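entry_1.txt (compact mmCIF, C-alpha atoms and all ligand atoms) appears below.
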```txt
# COMPACT_ATOMS: atom_id res chain seq x y z
CA MET A 5 31.71 104.41 -40.62
CA PRO A 6 32.43 104.60 -36.86
CA PRO A 7 35.27 102.52 -35.41
CA VAL A 8 34.30 99.22 -33.81
CA THR A 9 36.12 100.27 -30.64
CA ASP A 10 37.95 103.26 -29.19
CA TRP A 11 41.65 102.85 -28.46
CA GLN A 12 42.20 99.91 -26.14
CA ASP A 13 45.18 100.13 -23.81
CA VAL A 14 46.36 96.50 -24.10
CA ALA A 15 49.77 96.90 -22.40
CA ASP A 16 52.10 99.69 -21.27
CA GLY A 17 52.57 101.90 -24.34
CA VAL A 18 50.58 99.59 -26.65
CA TRP A 19 47.14 100.46 -28.01
CA VAL A 20 44.80 98.68 -30.42
CA ARG A 21 41.78 100.00 -32.28
CA ARG A 22 39.30 97.99 -34.35
CA TYR A 23 37.80 99.47 -37.50
CA ASP A 24 35.13 98.58 -39.99
CA PRO A 25 35.04 97.65 -42.78
CA PHE A 26 36.39 94.17 -42.06
CA ASP A 27 36.76 94.68 -38.28
CA VAL A 28 40.47 95.16 -38.93
CA ASN A 29 42.96 96.02 -36.18
CA VAL A 30 45.61 98.71 -36.05
CA THR A 31 48.21 98.65 -33.27
CA VAL A 32 50.41 101.41 -31.87
CA VAL A 33 53.65 100.66 -30.00
CA ALA A 34 55.26 103.72 -28.41
CA GLY A 35 58.77 104.12 -27.01
CA SER A 36 60.44 107.23 -25.63
CA ASP A 37 62.01 107.96 -29.01
CA GLY A 38 59.70 106.47 -31.61
CA VAL A 39 56.18 105.31 -32.44
CA LEU A 40 55.44 102.22 -34.49
CA LEU A 41 52.06 101.84 -36.21
CA VAL A 42 51.26 98.28 -37.28
CA ASP A 43 48.85 98.22 -40.26
CA THR A 44 47.05 101.22 -41.71
CA ARG A 45 43.45 100.36 -42.71
CA THR A 46 42.33 100.10 -46.35
CA THR A 47 42.36 103.53 -48.00
CA LEU A 48 44.03 106.91 -47.80
CA ARG A 49 40.74 108.37 -46.55
CA GLU A 50 40.44 105.77 -43.78
CA ALA A 51 44.08 106.27 -42.81
CA SER A 52 43.59 110.04 -42.64
CA GLU A 53 40.84 109.40 -40.11
CA LEU A 54 43.21 107.04 -38.27
CA ARG A 55 45.79 109.86 -38.16
CA GLU A 56 43.22 112.05 -36.44
CA HIS A 57 42.42 109.30 -33.95
CA LEU A 58 46.14 108.92 -33.15
CA ARG A 59 46.02 112.45 -31.69
CA GLU A 60 43.90 111.03 -28.86
CA LEU A 61 46.93 109.06 -27.62
CA PRO A 62 49.74 110.47 -25.40
CA ILE A 63 52.37 109.87 -28.09
CA GLY A 64 54.47 111.77 -30.63
CA GLU A 65 54.31 111.44 -34.40
CA VAL A 66 54.43 108.00 -36.00
CA THR A 67 58.06 107.24 -36.92
CA HIS A 68 57.71 103.68 -38.27
CA LEU A 69 55.04 101.68 -40.04
CA ALA A 70 54.95 97.90 -40.23
CA PHE A 71 52.70 95.87 -42.52
CA THR A 72 51.66 92.44 -41.21
CA HIS A 73 51.13 91.40 -44.85
CA ALA A 74 50.31 92.75 -48.28
CA HIS A 75 46.51 92.40 -48.22
CA LEU A 76 45.22 95.89 -48.79
CA ASP A 77 43.00 96.13 -45.69
CA HIS A 78 46.30 96.17 -43.76
CA CYS A 79 48.55 98.40 -45.84
CA LEU A 80 46.81 100.64 -48.39
CA GLY A 81 46.56 103.56 -45.96
CA ALA A 82 50.33 104.05 -45.91
CA GLY A 83 50.08 107.13 -48.13
CA ALA A 84 48.67 109.06 -45.15
CA PHE A 85 52.09 108.80 -43.45
CA PRO A 86 54.50 110.32 -46.00
CA GLY A 87 58.20 110.02 -45.24
CA VAL A 88 57.71 107.41 -42.50
CA ALA A 89 59.93 104.28 -42.70
CA ILE A 90 57.87 101.22 -43.67
CA TRP A 91 58.84 97.75 -42.47
CA GLY A 92 57.58 94.48 -43.92
CA THR A 93 58.90 91.12 -44.99
CA THR A 94 60.82 90.74 -48.23
CA GLY A 95 57.84 88.76 -49.55
CA CYS A 96 55.44 91.56 -48.62
CA ARG A 97 57.51 94.01 -50.65
CA THR A 98 57.59 91.64 -53.63
CA SER A 99 53.87 90.96 -53.41
CA LEU A 100 52.94 94.66 -53.40
CA GLN A 101 55.38 95.41 -56.22
CA ARG A 102 54.08 92.58 -58.43
CA HIS A 103 50.41 92.32 -57.51
CA GLY A 104 49.44 95.53 -55.69
CA VAL A 105 47.76 97.19 -58.67
CA ASP A 106 45.78 94.06 -59.63
CA GLN A 107 44.84 93.51 -56.01
CA ARG A 108 43.53 97.08 -55.73
CA GLU A 109 41.30 96.51 -58.79
CA ARG A 110 39.90 93.31 -57.23
CA TRP A 111 39.17 95.12 -53.98
CA LEU A 112 36.80 97.46 -55.88
CA ASP A 113 34.35 94.53 -55.86
CA TRP A 114 34.61 94.04 -52.08
CA LEU A 115 34.01 97.59 -50.88
CA PRO A 116 30.85 99.73 -51.11
CA GLU A 117 30.71 101.52 -54.48
CA GLU A 118 31.23 104.96 -52.92
CA GLU A 119 34.60 103.77 -51.60
CA GLY A 120 35.90 103.04 -55.12
CA PRO A 121 37.37 106.52 -55.75
CA HIS A 122 39.07 106.45 -52.32
CA LEU A 123 40.56 103.05 -53.06
CA ARG A 124 41.84 104.18 -56.49
CA ALA A 125 43.31 107.33 -54.89
CA SER A 126 45.32 105.25 -52.39
CA PRO A 127 48.92 104.69 -53.54
CA ILE A 128 50.51 101.26 -53.28
CA ILE A 129 53.66 101.78 -51.22
CA PRO A 130 55.82 98.69 -50.66
CA PRO A 131 57.99 98.49 -47.52
CA ASP A 132 61.33 100.29 -47.86
CA HIS A 133 62.82 98.35 -44.92
CA THR A 134 62.58 94.60 -45.32
CA VAL A 135 62.79 91.66 -42.94
CA ARG A 136 63.89 88.23 -44.15
CA ASP A 137 63.57 86.32 -40.86
CA ARG A 138 64.13 88.74 -38.01
CA ALA A 139 64.88 92.39 -37.34
CA ARG A 140 64.96 94.61 -34.28
CA LEU A 141 63.54 98.08 -34.05
CA ALA A 142 64.64 100.46 -31.29
CA LEU A 143 61.88 102.86 -30.23
CA GLY A 144 63.67 104.35 -27.20
CA GLY A 145 63.54 102.39 -23.96
CA ARG A 146 62.06 99.41 -25.74
CA GLU A 147 62.94 97.12 -28.62
CA VAL A 148 60.46 95.50 -30.93
CA GLU A 149 61.18 92.28 -32.82
CA LEU A 150 59.90 91.89 -36.38
CA LEU A 151 59.66 88.20 -37.23
CA HIS A 152 58.83 86.09 -40.26
CA LEU A 153 58.05 82.70 -38.71
CA GLY A 154 57.15 80.83 -41.89
CA ARG A 155 54.33 80.53 -44.38
CA GLY A 156 50.74 80.67 -43.19
CA HIS A 157 47.98 83.08 -44.17
CA THR A 158 50.39 84.21 -46.93
CA ASP A 159 54.01 83.45 -47.84
CA HIS A 160 55.15 86.63 -46.11
CA ASP A 161 53.33 87.17 -42.79
CA LEU A 162 55.11 89.42 -40.29
CA VAL A 163 54.76 89.04 -36.50
CA VAL A 164 55.50 92.10 -34.36
CA HIS A 165 56.75 91.01 -30.94
CA VAL A 166 57.00 93.47 -28.06
CA PRO A 167 58.93 91.38 -25.50
CA ASP A 168 58.95 93.79 -22.55
CA VAL A 169 55.15 93.69 -22.28
CA GLU A 170 54.66 90.19 -23.80
CA VAL A 171 52.57 91.31 -26.76
CA ALA A 172 52.48 89.78 -30.26
CA VAL A 173 50.72 91.37 -33.23
CA VAL A 174 50.16 88.46 -35.61
CA GLY A 175 48.08 89.84 -38.50
CA ASP A 176 45.85 87.35 -40.26
CA LEU A 177 47.85 84.36 -39.02
CA LEU A 178 45.04 84.51 -36.47
CA GLU A 179 41.46 85.63 -37.03
CA VAL A 180 39.06 85.97 -34.14
CA GLY A 181 35.32 85.81 -34.77
CA ALA A 182 35.72 84.76 -38.41
CA PRO A 183 37.29 81.73 -40.11
CA PRO A 184 40.90 82.02 -41.29
CA GLN A 185 41.30 83.12 -44.91
CA PHE A 186 43.02 80.72 -47.29
CA HIS A 187 43.03 82.49 -50.68
CA ASP A 188 46.82 83.04 -50.54
CA ALA A 189 47.51 80.56 -47.73
CA TYR A 190 49.76 77.54 -47.17
CA PRO A 191 47.50 75.03 -45.41
CA PHE A 192 50.26 72.50 -44.68
CA GLN A 193 52.70 75.01 -43.18
CA TRP A 194 50.35 77.34 -41.34
CA PRO A 195 50.08 75.19 -38.13
CA ALA A 196 53.88 75.13 -37.65
CA THR A 197 54.06 78.90 -38.13
CA LEU A 198 51.47 79.37 -35.39
CA SER A 199 53.50 77.14 -33.08
CA GLY A 200 56.30 79.66 -33.62
CA VAL A 201 53.92 82.29 -32.23
CA THR A 202 53.13 80.08 -29.23
CA ALA A 203 56.87 79.72 -28.56
CA LEU A 204 57.10 83.50 -28.06
CA ASP A 205 55.41 83.02 -24.70
CA VAL A 206 53.33 86.20 -24.82
CA GLU A 207 50.30 87.27 -22.77
CA VAL A 208 48.49 89.46 -25.31
CA VAL A 209 47.86 88.50 -28.93
CA VAL A 210 46.48 91.00 -31.45
CA PRO A 211 44.82 89.22 -34.39
CA GLY A 212 44.41 90.79 -37.82
CA HIS A 213 40.66 91.03 -37.28
CA GLY A 214 38.46 90.87 -34.20
CA PRO A 215 39.04 91.29 -30.49
CA VAL A 216 42.43 91.15 -28.79
CA THR A 217 43.03 87.74 -27.29
CA ASP A 218 45.71 85.45 -25.82
CA LEU A 219 47.77 82.39 -26.69
CA GLY A 220 44.78 80.12 -25.96
CA ALA A 221 43.19 81.36 -29.20
CA VAL A 222 46.42 80.70 -31.10
CA THR A 223 46.66 77.15 -29.75
CA GLU A 224 43.01 76.52 -30.61
CA GLN A 225 43.35 77.75 -34.19
CA GLU A 226 46.63 75.87 -34.59
CA ALA A 227 44.81 72.62 -33.67
CA GLN A 228 41.98 73.38 -36.12
CA LEU A 229 44.48 74.19 -38.89
CA ALA A 230 46.37 70.96 -38.18
CA GLN A 231 43.10 69.03 -38.40
CA LEU A 232 42.29 70.72 -41.71
CA ALA A 233 45.82 70.03 -43.02
CA SER A 234 45.43 66.33 -42.31
CA LEU A 235 42.04 66.30 -44.08
CA CYS A 236 43.67 68.00 -47.09
CA ARG A 237 46.47 65.39 -47.02
CA GLU A 238 43.89 62.57 -47.03
CA VAL A 239 42.02 64.11 -49.98
CA LEU A 240 45.23 64.61 -51.97
CA GLY A 241 46.27 61.05 -51.09
CA GLY A 242 42.99 59.69 -52.44
CA VAL A 243 41.83 58.18 -49.14
CA ARG A 244 39.04 60.71 -48.50
CA THR A 245 36.58 62.54 -50.75
CA ARG A 246 36.35 66.33 -50.89
CA GLU A 247 32.77 66.17 -49.58
CA SER A 248 33.81 64.02 -46.63
CA ALA A 249 36.63 66.46 -45.81
CA ILE A 250 34.21 69.40 -45.98
CA GLY A 251 31.86 67.56 -43.61
CA ALA A 252 34.67 66.80 -41.12
CA SER A 253 36.32 70.24 -41.31
CA PRO A 254 36.36 72.57 -38.27
CA PHE A 255 35.69 75.45 -40.70
CA PRO A 256 32.71 76.36 -42.93
CA ARG A 257 32.29 74.79 -46.37
CA GLU A 258 33.52 77.79 -48.36
CA THR A 259 36.66 78.14 -46.21
CA THR A 260 37.42 74.44 -46.52
CA GLU A 261 36.92 74.44 -50.29
CA VAL A 262 39.44 77.27 -50.71
CA ALA A 263 41.87 75.48 -48.36
CA LEU A 264 41.58 72.23 -50.36
CA THR A 265 42.32 74.10 -53.57
CA ARG A 266 45.33 75.88 -52.03
CA ALA A 267 46.57 72.58 -50.57
CA SER A 268 46.61 71.00 -54.05
CA GLU A 269 48.32 74.08 -55.54
CA THR A 270 50.99 74.51 -52.86
CA GLY A 271 51.62 70.87 -51.87
ZN ZN G 1 44.94 88.94 -45.01
```

Have the structure of the file written as structure tokens, please.
Amino acid sequence: MPPVTDWQDVADGVWVRRYDPFDVNVTVVAGSDGVLLVDTRTTLREASELREHLRELPIGEVTHLAFTHAHLDHCLGAGAFPGVAIWGTTGCRTSLQRHGVDQRERWLDWLPEEEGPHLRASPIIPPDHTVRDRARLALGGREVELLHLGRGHTDHDLVVHVPDVEVAVVGDLLEVGAPPQFHDAYPFQWPATLSGVTALDVEVVVPGHGPVTDLGAVTEQEAQLAQLASLCREVLGGVRTRESAIGASPFPRETTEVALTRASETG
């Protein structure tokens, strides 16, 4: 399956490439003494192809990986980078340790049948360097901040902030061109977490899926998520029906139904 885009030079020493399936993004941040790859695609086979594509860039070998979160379209390619330090939140590590194998079985239903053997052959590798709230990574001539700004798309989303070029890689805290995904989400806390992204004051925002964008898209999705959170609150408080909330939601029916369920489960 061809990539959705070639490498896009989004800032000095920062490249993004979009890949199907799932129109998922991978991001490269290069310093003079290190190369960070954020997210890895879904399987070992896909990540091997990504490794080949990395040779097109004027960079050395990848020295660090970071997972934005534990959903497998972002982290199951890690096996293609043996020996490389892997960064992720503490919650990401826990999620992969506890649920990685079950999650990989579920993903068999979501990929074309011929991809099944590749998925099964992809090892689940949790981060070996964890971030509770904040960590700094020195890549030579530039520092990258790894931030957990609160619950949102999951309970363990990581934001990769590159301050010198005002870039933030936000994973599925932001989706562009598709509705946000709520299956593991925290509908009441997600808007505040996105306002933490806005406070970073960046120019370039890399979503988990879809085209690279800016803070305007973050602000817009934050407002939609806040609207959905208040609809969920009204349904849980008994002052609005589920159907009425679905009708008033800024998101499609299916998305809103999942969000309502998660809202009742997570409070
Ligand atoms: Zn996700």

Which of these residues is nearest to Val20 in chain A, using only C-alpha atoms: A:Glu117, A:Ile128, A:Val105, A:Leu41?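 For Val20 in chain A, the nearest of the given residues is A:Leu41.
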
Using only C-alpha atoms - which residues lie no farther than 8 Å from the point (52.7, 89.6, -30.7) in the file's frame? Write them as a ChimeraX atom specification. /A:163-166,170-174,201,204,206,208-210

Step by step, measure atom-to-atom distances between ligand ZN 1 (chain G) and each residue using all atoms listed in the file, keep those at most 9 Å, then write them as a list in words.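 Listed by chain and ascending number, the contacts are Thr72, His73, Ala74, His75, Leu76, Asp77, His78, His157, Thr158, Asp161, Gly175, Asp176, Leu177, Pro184, Gln185, Phe186, His187, Asp188 and Gly212 of chain A.
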
Print the selection's residues with C-alpha atoms to a file, as a compact mmCIF listing (two decimals), keeping the file's coordinate frame.
```txt
# COMPACT_ATOMS: atom_id res chain seq x y z
CA THR A 72 51.66 92.44 -41.21
CA HIS A 73 51.13 91.40 -44.85
CA ALA A 74 50.31 92.75 -48.28
CA HIS A 75 46.51 92.40 -48.22
CA LEU A 76 45.22 95.89 -48.79
CA ASP A 77 43.00 96.13 -45.69
CA HIS A 78 46.30 96.17 -43.76
CA HIS A 157 47.98 83.08 -44.17
CA THR A 158 50.39 84.21 -46.93
CA ASP A 161 53.33 87.17 -42.79
CA GLY A 175 48.08 89.84 -38.50
CA ASP A 176 45.85 87.35 -40.26
CA LEU A 177 47.85 84.36 -39.02
CA PRO A 184 40.90 82.02 -41.29
CA GLN A 185 41.30 83.12 -44.91
CA PHE A 186 43.02 80.72 -47.29
CA HIS A 187 43.03 82.49 -50.68
CA ASP A 188 46.82 83.04 -50.54
CA GLY A 212 44.41 90.79 -37.82
```

Env of Tyr190 in chain A: 12 Å cut, atoms = only C-alpha atoms, seq-sep filter 2 positions within chain, self excluded. Answer as a ChimeraX atom specification. /A:154-161,177,184-188,192-197,229-230,232-233,236,262-271

Give me the box for range 42-45 of chain A as lines of an AutoDock Vina configuration file, namely the centre and edge lengths in Å to one decimal of a box along x, y and z that holds every listed atom plus 6 Å on each side.
```
center_x = 47.4
center_y = 99.7
center_z = -40.0
size_x = 19.8
size_y = 15.0
size_z = 17.4
```

Pick from A:Pro131, A:Gly251, A:Gly120, A:Gly181 nearest to Ala221 in chain A, counting only C-alpha atoms: A:Gly181

Restore N, CA and C atoms in range 68-80 of chain A and list the result as a compact mmCIF listing (two decimals), in the frame of the given file.
```txt
# COMPACT_ATOMS: atom_id res chain seq x y z
N HIS A 68 57.54 104.93 -37.52
CA HIS A 68 57.71 103.68 -38.27
C HIS A 68 56.34 103.08 -38.55
N LEU A 69 56.19 102.52 -39.73
CA LEU A 69 55.04 101.68 -40.04
C LEU A 69 55.53 100.26 -40.20
N ALA A 70 54.67 99.29 -39.88
CA ALA A 70 54.95 97.90 -40.23
C ALA A 70 53.68 97.31 -40.82
N PHE A 71 53.83 96.57 -41.91
CA PHE A 71 52.70 95.87 -42.52
C PHE A 71 52.76 94.41 -42.09
N THR A 72 51.67 93.88 -41.53
CA THR A 72 51.66 92.44 -41.21
C THR A 72 51.70 91.60 -42.48
N HIS A 73 51.07 92.09 -43.55
CA HIS A 73 51.13 91.40 -44.85
C HIS A 73 50.55 92.32 -45.92
N ALA A 74 50.59 91.87 -47.15
CA ALA A 74 50.31 92.75 -48.28
C ALA A 74 48.83 92.86 -48.64
N HIS A 75 47.94 92.21 -47.91
CA HIS A 75 46.51 92.40 -48.22
C HIS A 75 46.13 93.84 -47.89
N LEU A 76 45.35 94.43 -48.79
CA LEU A 76 45.22 95.89 -48.79
C LEU A 76 44.47 96.45 -47.59
N ASP A 77 43.67 95.63 -46.89
CA ASP A 77 43.00 96.13 -45.69
C ASP A 77 44.00 96.37 -44.55
N HIS A 78 45.25 95.97 -44.77
CA HIS A 78 46.30 96.17 -43.76
C HIS A 78 47.32 97.23 -44.15
N CYS A 79 47.41 97.57 -45.44
CA CYS A 79 48.55 98.40 -45.84
C CYS A 79 48.26 99.52 -46.83
N LEU A 80 47.02 99.64 -47.34
CA LEU A 80 46.81 100.64 -48.39
C LEU A 80 46.64 102.06 -47.85
```
